file query04.cif (mmCIF, C-alpha atoms)
data_protein
loop_
_atom_site.label_atom_id
_atom_site.label_comp_id
_atom_site.auth_asym_id
_atom_site.auth_seq_id
_atom_site.Cartn_x
_atom_site.Cartn_y
_atom_site.Cartn_z
CA ARG U 16 -13.48 13.12 -4.43
CA LYS U 17 -10.62 10.69 -3.81
CA GLU U 18 -11.47 7.23 -2.47
CA VAL U 19 -9.35 7.73 0.63
CA GLU U 20 -8.14 11.07 1.93
CA GLN U 21 -5.60 11.82 4.60
CA ASP U 22 -3.95 15.00 5.80
CA PRO U 23 -0.29 14.36 4.97
CA GLY U 24 1.02 16.46 7.87
CA PRO U 25 3.69 16.23 9.10
CA PHE U 26 2.35 15.76 12.59
CA ASN U 27 5.18 16.83 14.89
CA VAL U 28 4.65 15.20 18.27
CA PRO U 29 6.74 15.59 21.44
CA GLU U 30 7.94 12.28 22.79
CA GLY U 31 5.43 10.95 25.30
CA ALA U 32 2.52 12.94 23.91
CA THR U 33 -0.62 11.67 22.23
CA VAL U 34 -1.35 12.17 18.55
CA ALA U 35 -4.49 11.36 16.60
CA PHE U 36 -5.47 11.68 12.98
CA ASN U 37 -8.33 10.74 10.72
CA CYS U 38 -8.85 9.29 7.30
CA THR U 39 -12.03 9.81 5.28
CA TYR U 40 -13.34 7.44 2.64
CA SER U 41 -15.85 8.02 -0.12
CA ASN U 42 -17.35 4.58 -0.76
CA SER U 43 -20.13 3.98 1.71
CA ALA U 44 -20.11 0.30 0.77
CA SER U 45 -16.59 -0.15 2.13
CA GLN U 46 -16.44 -2.94 4.63
CA SER U 47 -12.86 -3.46 5.68
CA PHE U 48 -10.42 -0.95 7.04
CA PHE U 49 -6.78 -1.11 8.02
CA TRP U 50 -3.90 1.03 9.15
CA TYR U 51 -0.51 0.25 7.60
CA ARG U 52 2.76 1.77 8.70
CA GLN U 53 5.46 2.76 6.21
CA ASP U 54 8.92 3.78 7.31
CA CYS U 55 10.99 6.03 5.06
CA ARG U 56 11.99 4.19 1.87
CA LYS U 57 10.58 0.94 3.21
CA GLU U 58 7.58 -1.18 2.31
CA PRO U 59 4.23 -0.81 4.09
CA LYS U 60 3.47 -3.19 6.92
CA LEU U 61 0.15 -3.92 8.55
CA LEU U 62 -0.24 -2.06 11.83
CA MET U 63 -3.78 -3.04 12.72
CA SER U 64 -7.19 -3.81 11.37
CA VAL U 65 -10.05 -1.48 12.27
CA TYR U 66 -13.15 -3.12 13.70
CA SER U 67 -16.62 -1.63 13.86
CA SER U 68 -16.52 -1.49 17.63
CA GLY U 69 -13.08 0.08 17.69
CA ASN U 70 -9.98 -1.74 18.83
CA GLU U 71 -6.83 -1.19 20.76
CA ASP U 72 -3.37 -2.67 20.42
CA GLY U 73 -1.06 -1.45 23.13
CA ARG U 74 -0.58 2.28 22.67
CA PHE U 75 -2.55 2.32 19.41
CA THR U 76 -6.33 2.76 19.20
CA ALA U 77 -8.33 2.61 15.98
CA GLN U 78 -11.91 3.78 15.57
CA LEU U 79 -14.44 3.58 12.76
CA ASN U 80 -17.25 6.08 12.23
CA ARG U 81 -19.48 4.73 9.48
CA ALA U 82 -21.99 7.57 9.64
CA SER U 83 -19.31 10.15 8.85
CA GLN U 84 -17.20 7.74 6.82
CA TYR U 85 -13.91 8.11 8.58
CA ILE U 86 -11.49 6.04 10.57
CA SER U 87 -9.05 7.31 13.13
CA LEU U 88 -5.78 6.27 14.70
CA LEU U 89 -4.60 7.45 18.10
CA ILE U 90 -1.11 6.89 19.42
CA ARG U 91 -0.54 7.35 23.13
CA ASP U 92 2.81 7.89 24.87
CA SER U 93 4.57 8.46 21.54
CA LYS U 94 7.99 6.91 21.08
CA LEU U 95 10.73 8.05 18.75
CA SER U 96 10.28 4.75 16.93
CA ASP U 97 6.69 5.70 16.08
CA SER U 98 8.02 8.18 13.51
CA ALA U 99 6.65 6.90 10.20
CA THR U 100 3.90 7.44 7.69
CA TYR U 101 0.58 5.84 8.61
CA LEU U 102 -1.43 4.70 5.62
CA CYS U 103 -5.17 4.35 5.77
CA VAL U 104 -6.47 1.42 3.71
CA VAL U 105 -10.06 0.82 2.71
CA ILE U 106 -11.43 -2.20 0.89
CA ALA U 107 -14.62 -2.31 -1.10
CA GLU U 108 -15.99 -5.82 -1.00
CA GLU U 109 -17.25 -5.69 -4.57
CA ASN U 110 -13.82 -5.55 -6.13
CA ASN U 111 -11.55 -6.79 -3.37
CA ARG U 112 -9.25 -3.91 -4.12
CA LEU U 113 -7.32 -2.00 -1.51
CA ALA U 114 -7.48 1.77 -1.75
CA PHE U 115 -4.63 3.49 0.03
CA GLY U 116 -4.51 7.01 1.33
CA LYS U 117 -1.36 9.08 0.86
CA GLY U 118 -0.59 8.71 4.54
CA ASN U 119 -0.23 10.77 7.67
CA GLN U 120 3.42 11.50 8.41
CA VAL U 121 4.23 11.43 12.11
CA VAL U 122 7.49 12.83 13.45
CA VAL U 123 8.13 12.22 17.13
CA ILE U 124 10.47 14.84 18.56
CA PRO U 125 12.76 14.14 21.54
CA GLY I 19 10.60 -17.47 7.03
CA ALA I 20 11.35 -15.71 3.77
CA GLY I 21 9.24 -12.72 2.93
CA VAL I 22 8.26 -11.29 -0.43
CA SER I 23 11.28 -10.55 -2.54
CA GLN I 24 11.58 -8.30 -5.55
CA SER I 25 14.27 -7.77 -8.12
CA PRO I 26 15.99 -5.67 -9.12
CA SER I 27 15.94 -3.35 -6.13
CA ASN I 28 16.85 -0.42 -8.35
CA LYS I 29 16.55 0.02 -12.08
CA VAL I 30 17.63 2.98 -14.17
CA THR I 31 16.57 2.85 -17.78
CA GLU I 32 16.40 5.14 -20.76
CA LYS I 33 13.10 6.41 -22.05
CA GLY I 34 11.71 4.05 -24.65
CA LYS I 35 13.34 0.90 -23.30
CA ASP I 36 11.40 -2.07 -21.93
CA VAL I 37 11.83 -3.20 -18.33
CA GLU I 38 10.84 -6.34 -16.48
CA LEU I 39 10.29 -6.40 -12.74
CA ARG I 40 10.13 -9.61 -10.76
CA CYS I 41 8.25 -10.58 -7.62
CA ASP I 42 8.68 -13.76 -5.57
CA PRO I 43 5.76 -14.05 -3.16
CA ILE I 44 5.75 -15.87 0.13
CA SER I 45 5.52 -19.60 -0.47
CA GLY I 46 1.92 -20.78 -0.32
CA HIS I 47 0.38 -17.35 -0.85
CA THR I 48 -2.20 -17.61 -3.60
CA ALA I 49 -2.91 -13.93 -4.07
CA LEU I 50 -0.40 -11.48 -5.50
CA TYR I 51 -0.75 -7.73 -6.01
CA TRP I 52 1.25 -5.09 -7.84
CA TYR I 53 1.19 -1.43 -6.78
CA ARG I 54 3.23 1.60 -7.61
CA GLN I 55 4.09 4.52 -5.40
CA SER I 56 5.26 7.81 -6.83
CA LEU I 57 7.01 10.44 -4.73
CA GLY I 58 4.55 12.02 -2.34
CA GLN I 59 1.70 9.87 -3.59
CA GLY I 60 -0.23 7.01 -2.12
CA LEU I 61 -0.05 3.47 -3.36
CA GLU I 62 -1.73 2.99 -6.72
CA PHE I 63 -3.23 -0.45 -7.38
CA LEU I 64 -2.09 -1.98 -10.67
CA ILE I 65 -3.15 -5.62 -10.88
CA TYR I 66 -4.21 -8.55 -8.74
CA PHE I 67 -3.58 -12.28 -9.33
CA GLN I 68 -5.42 -15.16 -7.75
CA GLY I 69 -3.31 -18.16 -8.66
CA ASN I 70 -2.18 -17.56 -12.23
CA SER I 71 -5.23 -15.63 -13.33
CA ALA I 72 -5.74 -11.92 -13.04
CA PRO I 73 -9.36 -11.17 -12.18
CA ASP I 74 -8.65 -7.47 -11.95
CA LYS I 75 -6.35 -5.72 -14.43
CA SER I 76 -8.19 -2.44 -14.34
CA GLY I 77 -5.45 -0.61 -12.50
CA LEU I 78 -2.87 -0.95 -15.27
CA PRO I 79 -2.34 2.64 -16.45
CA SER I 80 -1.85 1.86 -20.14
CA ASP I 81 -1.37 -0.97 -22.61
CA ARG I 82 2.38 -0.57 -22.17
CA PHE I 83 1.97 -2.34 -18.84
CA SER I 84 1.44 -6.08 -18.60
CA ALA I 85 1.93 -8.72 -15.96
CA GLU I 86 1.93 -12.44 -15.73
CA ARG I 87 2.23 -15.06 -13.06
CA THR I 88 3.37 -18.61 -13.63
CA GLY I 89 3.10 -21.69 -11.48
CA GLY I 90 1.05 -19.76 -8.98
CA SER I 91 4.27 -18.22 -7.73
CA VAL I 92 6.63 -15.78 -9.44
CA SER I 93 5.18 -12.77 -11.18
CA THR I 94 6.71 -10.36 -13.63
CA LEU I 95 5.54 -6.86 -14.43
CA THR I 96 6.65 -5.61 -17.82
CA ILE I 97 6.65 -2.00 -18.91
CA GLN I 98 7.22 -1.44 -22.60
CA ARG I 99 8.55 1.77 -24.12
CA THR I 100 9.09 3.33 -20.71
CA GLN I 101 8.23 6.98 -20.16
CA GLN I 102 9.54 9.36 -17.52
CA GLU I 103 6.17 9.34 -15.76
CA ASP I 104 6.69 5.60 -15.15
CA SER I 105 9.39 6.48 -12.60
CA ALA I 106 8.16 5.21 -9.25
CA VAL I 107 8.63 2.46 -6.69
CA TYR I 108 6.86 -0.69 -7.80
CA LEU I 109 5.67 -2.76 -4.86
CA CYS I 110 4.51 -6.34 -4.88
CA ALA I 111 2.45 -7.88 -2.10
CA SER I 112 1.15 -11.36 -1.46
CA SER I 113 -1.49 -12.78 0.82
CA LEU I 114 -2.58 -16.22 1.89
CA GLY I 115 -5.92 -15.82 0.16
CA GLY I 116 -7.62 -13.36 -2.10
CA GLY I 117 -10.24 -12.25 0.33
CA VAL I 118 -10.22 -8.92 2.05
CA ALA I 119 -9.59 -10.48 5.45
CA TYR I 120 -6.06 -11.52 4.54
CA GLU I 121 -3.10 -9.37 5.46
CA GLN I 122 -0.96 -8.31 2.55
CA TYR I 123 2.77 -8.70 2.94
CA PHE I 124 4.80 -6.29 0.88
CA GLY I 125 8.15 -6.75 -0.75
CA PRO I 126 10.86 -4.08 -0.54
CA GLY I 127 9.96 -2.72 -3.96
CA THR I 128 11.80 -1.92 -7.17
CA ARG I 129 12.76 1.72 -7.60
CA LEU I 130 12.45 2.50 -11.29
CA THR I 131 14.00 5.62 -12.73
CA VAL I 132 13.39 6.46 -16.37
CA THR I 133 15.87 9.01 -17.73
#

call {"tool": "encode", "arguments": {"input": "query04.cif", "output": "structure tokens"}}
result
Amino acid sequence: RKEVEQDPGPFNVPEGATVAFNCTYSNSASQSFFWYRQDCRKEPKLLMSVYSSGNEDGRFTAQLNRASQYISLLIRDSKLSDSATYLCVVIAEENNRLAFGKGNQVVVIP
Amino acid sequence: GAGVSQSPSNKVTEKGKDVELRCDPISGHTALYWYRQSLGQGLEFLIYFQGNSAPDKSGLPSDRFSAERTGGSVSTLTIQRTQQEDSAVYLCASSLGGGVAYEQYFGPGTRLTVT
């Protein structure tokens, strides 16, 4: 089983709609979780950290479910500029290494 | 301020040749990471530097790959006797510290094509 798994999509979303997707991780000892955004042919950039209690940043909400070992990202009121690939990142404390998923591709359609 | 820079941005090389990729991290960032991203694949961790030392080299795919960092700043990733499967985008990232709490800032990458 891969360390981090994501459904690559694409997730085609009408502008203004809500989209949500999950990322599962295999290492139960993982402690830190992030969502990065990567635009086409660009470098990844941190979107938000994922806290145990869940957190929100504007239209973006991240959740962590330790029991089922997944994190989620929800985007409300989708904008055309939200079109990108969203990378799930999990860190295992014991090796300080980031494990990246392949990403969820989101395409917001006018 | 200046972000992470990488050079060259694109490199086309013949199979069997050696290549050297350069990363200039953000000034003051002590941790530096190398990743590679193949088409349709996620980021693959290669190596991590804390200062000039590399506590974790386990991600290097073969002994043809090596990396060094000097002066706690610039890092070079060298691939010897390149193979076609080495074709990928090589990304460098730096962070203020080596702990997991620190955000990693990525450079624009070097797109390597081995013909």

call {"tool": "residues_near_point", "arguments": {"input": "query04.cif", "point": "(12.0, -0.4, -8.5)", "cutoff": "8 Å", "atoms": "all atoms listed in the file", "output": "short mmCIF file (atom, residue, chain, number, x, y, z; two decimals) with C-alpha atoms, in the frame of the given file"}}
result
data_model
loop_
_atom_site.label_atom_id
_atom_site.label_comp_id
_atom_site.auth_asym_id
_atom_site.auth_seq_id
_atom_site.Cartn_x
_atom_site.Cartn_y
_atom_site.Cartn_z
CA SER I 25 14.27 -7.77 -8.12
CA PRO I 26 15.99 -5.67 -9.12
CA SER I 27 15.94 -3.35 -6.13
CA ASN I 28 16.85 -0.42 -8.35
CA LYS I 29 16.55 0.02 -12.08
CA LEU I 39 10.29 -6.40 -12.74
CA ALA I 106 8.16 5.21 -9.25
CA VAL I 107 8.63 2.46 -6.69
CA TYR I 108 6.86 -0.69 -7.80
CA LEU I 109 5.67 -2.76 -4.86
CA GLY I 127 9.96 -2.72 -3.96
CA THR I 128 11.80 -1.92 -7.17
CA ARG I 129 12.76 1.72 -7.60
CA LEU I 130 12.45 2.50 -11.29
CA THR I 131 14.00 5.62 -12.73
#

call {"tool": "resolve_selection", "arguments": {"input": "query04.cif", "expression": "the PyMOL selection byres ((chain U) within 12 of (chain I))", "output": "MDAnalysis selection string"}}
result
chainID U and resid 17:24 45:66 100:120

call {"tool": "axis_aligned_box", "arguments": {"input": "query04.cif", "around": "stretch 125-133 of chain I", "padding_each_side": "4 Å", "output": "AutoDock Vina command-line options"}}
result
--center_x 12.0 --center_y 1.1 --center_z -9.1 --size_x 15.7 --size_y 23.8 --size_z 25.2

call {"tool": "residues_around", "arguments": {"input": "query04.cif", "residues": "U:Leu88", "least_positions_apart": "6", "cutoff": "6 Å", "atoms": "only C-alpha atoms", "output": "list in words"}}
result
Ala35, Phe36, Thr76 and Ala77 of chain U

call {"tool": "resolve_selection", "arguments": {"input": "query04.cif", "expression": "the PyMOL selection byres ((chain U and resi 29) around 7)", "output": "PyMOL selection string"}}
result
chain U and resi 27-28+30-32+123-125

call {"tool": "atom_distance", "arguments": {"input": "query04.cif", "atom1": "atom CA of U:Thr33", "atom2": "atom CA of U:Leu79"}}
result
18.6 Å

call {"tool": "resolve_selection", "arguments": {"input": "query04.cif", "expression": "the PyMOL selection byres ((chain I and resi 24) around 6)", "output": "list in words"}}
result
Ser23, Ser25, Arg40 and Cys41 of chain I

call {"tool": "closest_residue", "arguments": {"input": "query04.cif", "among": "U:Ser87, U:Asp92, U:Ala82, U:Val122", "to": "U:Ser43", "atoms": "all atoms listed in the file"}}
result
U:Ala82

call {"tool": "atom_distance", "arguments": {"input": "query04.cif", "atom1": "atom CA of I:Thr133", "atom2": "atom CA of I:Gln102"}}
result
6.3 Å

call {"tool": "atom_distance", "arguments": {"input": "query04.cif", "atom1": "atom CA of I:Glu32", "atom2": "atom CA of I:Val132"}}
result
5.5 Å

call {"tool": "closest_residue", "arguments": {"input": "query04.cif", "among": "I:Ser112, I:Thr31, I:Ser84, I:Gln101", "to": "I:Gln68", "atoms": "all atoms listed in the file"}}
result
I:Ser112
